[in-house]
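Student: I am attaching a structure below and will ask some questions about it afterwards.
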Amino acid sequence: MKKIGAGLQFDVYDLDKSHVLKKPKKKYNQYLIYLKWAPYLIFVPRKLSRLIANANRDRDYATNYFKKNKFTKKLLGNPKFTKEGVIQNKVDPLGNVFGRSVEEDKKLVDKYVDFVISCWKEGFADRIYNIDNNFGVDKKGNIVLMDFFEISTRKSDVQNQIKIKRWEKSAWYRFRISRRLKKYYKEKMESSLTQKNLNKYWDKK
Ligand SMILES: Nc1ncnc2c1ncn2[C@@H]1O[C@H](COP(=O)(O)OP(=O)(O)O)[C@@H](O)[C@H]1O
Ligand SMILES: [Mg+2]
């Protein structure tokens, strides 16, 4: 099986034409990937261990949460939890979709914001806001949260994300978003992801 992606929590393989298999990464490989990202961590092994323990706690938490709770399956690419790992619909990561034209990029941001609110209605929210590599679009053009393993399911956590504008701290916003889109994204997020809208939509399917 061809490997098509990887992060800290999973190795992602091409399962068939329209599905991926996400295998949980072994601890040993998590150490290696972290050291590749941040070599200085070799000198602070306790911090390194803590970071990995946190990632695995988040992965287990989300897995249990979505196994136990009802949710609209297509938001997460129709995941199936198997012994080997998570099978999920294959999507096109948003990082590939941005950059066609300013107008299309703005429409994609609008769609993404609507998607975040759809997740709010279900009672969960992504905490990382790296929208280029954790979200994708399916064949019908619907947004999918590919990486649903770093989530908040408590309203108070999302209230705090809004307060600190957590999305402005993401690596996507700081280093990867195009200059032309930055202002639009900032204003759209600020005007849509508000405490008022959270109260209106949170956990209200
Ligand atoms: N459903 C999917 N369809 C297509 N590519 C995917 C899918 N899920 C993951 N990938 C690819 O694999 C990468 C890592 O997957 P992700 O779910 O973010 O794992 P991690 O939690 O380890 O970061 C993604 O950035 C993306 O490039
Ligand atoms: Mg990821």
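Letters for chains follow the order of the structure tokens (A, B, ...), residue numbers begin at 1 for each chain, and ligand numbers begin at 1 in the order shown.
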Do you know which residues are within 6 Å of ligand 2 using only C-alpha atoms and all ligand atoms? Can you write them as a VMD selection string?
Tutor: chain A and resid 7 134 147
Student: Okay, now the selection with C-alpha atoms, as a PDB file, in the first residue's frame?
Tutor:
```
ATOM      1  CA  GLY A   7       1.575  13.491  10.760  1.00  0.00           C
ATOM      2  CA  ASN A 134      -6.139  18.822   8.205  1.00  0.00           C
ATOM      3  CA  ASP A 147      -7.738  15.029  10.947  1.00  0.00           C
TER       4      ASP A 147
END
```
Student: Which of chain A end up as alpha helix (DSSP H) when DSSP is run on this backbone - answer as a VMD selection string?
Tutor: chain A and resid 27 to 37 45 to 68 94 to 97 102 to 122 131 to 134 155 to 163 171 179 to 192 195 to 201
Student: Can you tell me, as a VMD selection string, which residues in segment 6-198 of chain A count as strand (DSSP E or B) by DSSP?
Tutor: chain A and resid 6 10 to 16 19 to 24 80 to 81 86 to 89 92 to 93 125 to 126 135 to 137 143 to 145 151 to 152
Student: Show me which residues sit within 10 Å of ligand 1 when counting only C-alpha atoms and all ligand atoms, and put them as an NGL selection string.
Tutor: :A and (3-14 or 18-25 or 30 or 55-56 or 58-59 or 76-79 or 86-96 or 130-138 or 144-150)
Student: Selected residues, C-alpha atoms, written as a tab-separated table (two decimals), in the first residue's frame, please.
Tutor:
```
chain	number	residue	atom	x	y	z
A	3	LYS	CA	1.88	5.90	1.81
A	4	ILE	CA	0.28	9.23	0.94
A	5	GLY	CA	0.72	11.23	4.09
A	6	ALA	CA	1.74	11.29	7.72
A	7	GLY	CA	1.57	13.49	10.76
A	8	LEU	CA	2.40	12.88	14.39
A	9	GLN	CA	-0.54	10.60	15.03
A	10	PHE	CA	-0.99	8.55	11.85
A	11	ASP	CA	0.62	7.09	8.75
A	12	VAL	CA	-1.86	7.43	5.92
A	13	TYR	CA	-2.08	4.87	3.09
A	14	ASP	CA	-3.90	4.69	-0.20
A	18	SER	CA	-11.76	6.31	-2.87
A	19	HIS	CA	-10.49	5.39	0.63
A	20	VAL	CA	-7.45	5.86	2.83
A	21	LEU	CA	-6.29	3.77	5.78
A	22	LYS	CA	-4.88	5.70	8.71
A	23	LYS	CA	-2.65	3.55	10.89
A	24	PRO	CA	-1.80	4.88	14.34
A	25	LYS	CA	1.90	5.70	14.47
A	30	GLN	CA	6.56	9.55	16.85
A	55	ALA	CA	-0.86	13.58	21.05
A	56	ASN	CA	-1.75	9.98	21.94
A	58	ASP	CA	-5.92	13.31	22.04
A	59	ARG	CA	-6.00	10.46	19.50
A	76	LEU	CA	-15.42	13.40	8.88
A	77	GLY	CA	-15.25	11.54	5.56
A	78	ASN	CA	-17.38	8.64	6.76
A	79	PRO	CA	-14.79	7.09	9.09
A	86	VAL	CA	-9.29	4.27	10.54
A	87	ILE	CA	-10.71	3.91	7.03
A	88	GLN	CA	-11.82	7.25	5.63
A	89	ASN	CA	-12.99	8.67	2.30
A	90	LYS	CA	-10.13	10.01	0.25
A	91	VAL	CA	-10.31	13.78	-0.16
A	92	ASP	CA	-8.21	16.54	-1.67
A	93	PRO	CA	-6.36	18.42	1.11
A	94	LEU	CA	-7.27	22.12	1.11
A	95	GLY	CA	-3.59	22.96	0.66
A	96	ASN	CA	-3.99	21.67	-2.91
A	130	ASN	CA	-4.20	24.10	10.14
A	131	ILE	CA	-6.78	24.11	7.46
A	132	ASP	CA	-4.45	23.29	4.55
A	133	ASN	CA	-3.38	19.87	5.81
A	134	ASN	CA	-6.14	18.82	8.21
A	135	PHE	CA	-9.18	19.59	6.03
A	136	GLY	CA	-10.03	18.54	2.49
A	137	VAL	CA	-12.79	18.58	-0.10
A	138	ASP	CA	-14.62	15.51	-1.38
A	144	VAL	CA	-14.25	17.23	5.29
A	145	LEU	CA	-12.26	17.31	8.52
A	146	MET	CA	-9.61	14.66	7.71
A	147	ASP	CA	-7.74	15.03	10.95
A	148	PHE	CA	-10.42	14.80	13.61
A	149	PHE	CA	-8.08	13.68	16.38
A	150	GLU	CA	-7.37	17.05	17.97
```
Student: Between atom CA of Thr63 of chain A and atom CA of Leu51 of chain A, measure the distance and give it in Å to one decimal.
Tutor: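 We find that atom CA of Thr63 of chain A and atom CA of Leu51 of chain A lie 18.5 Å from each other.
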Student: By how many Å are atom CA of Tyr34 of chain A and atom CA of Arg127 of chain A apart?
Tutor: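 Result for atom CA of Tyr34 of chain A versus atom CA of Arg127 of chain A: 19.4 Å, one decimal.
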Student: Need to verify the contact set: segment 199-201 of chain A, 10 Å, only C-alpha atoms, exclusion of same-chain residues closer than 6 positions in sequence. Can you return it as an MDAnalysis selection string?
Tutor: chainID A and resid 117:123 155 159
Student: For a test of reading the model, state the distance in Å between atom CA of Lys70 of chain A and atom CA of Phe115 of chain A, rounded to one decimal.
Tutor: 17.4 Å
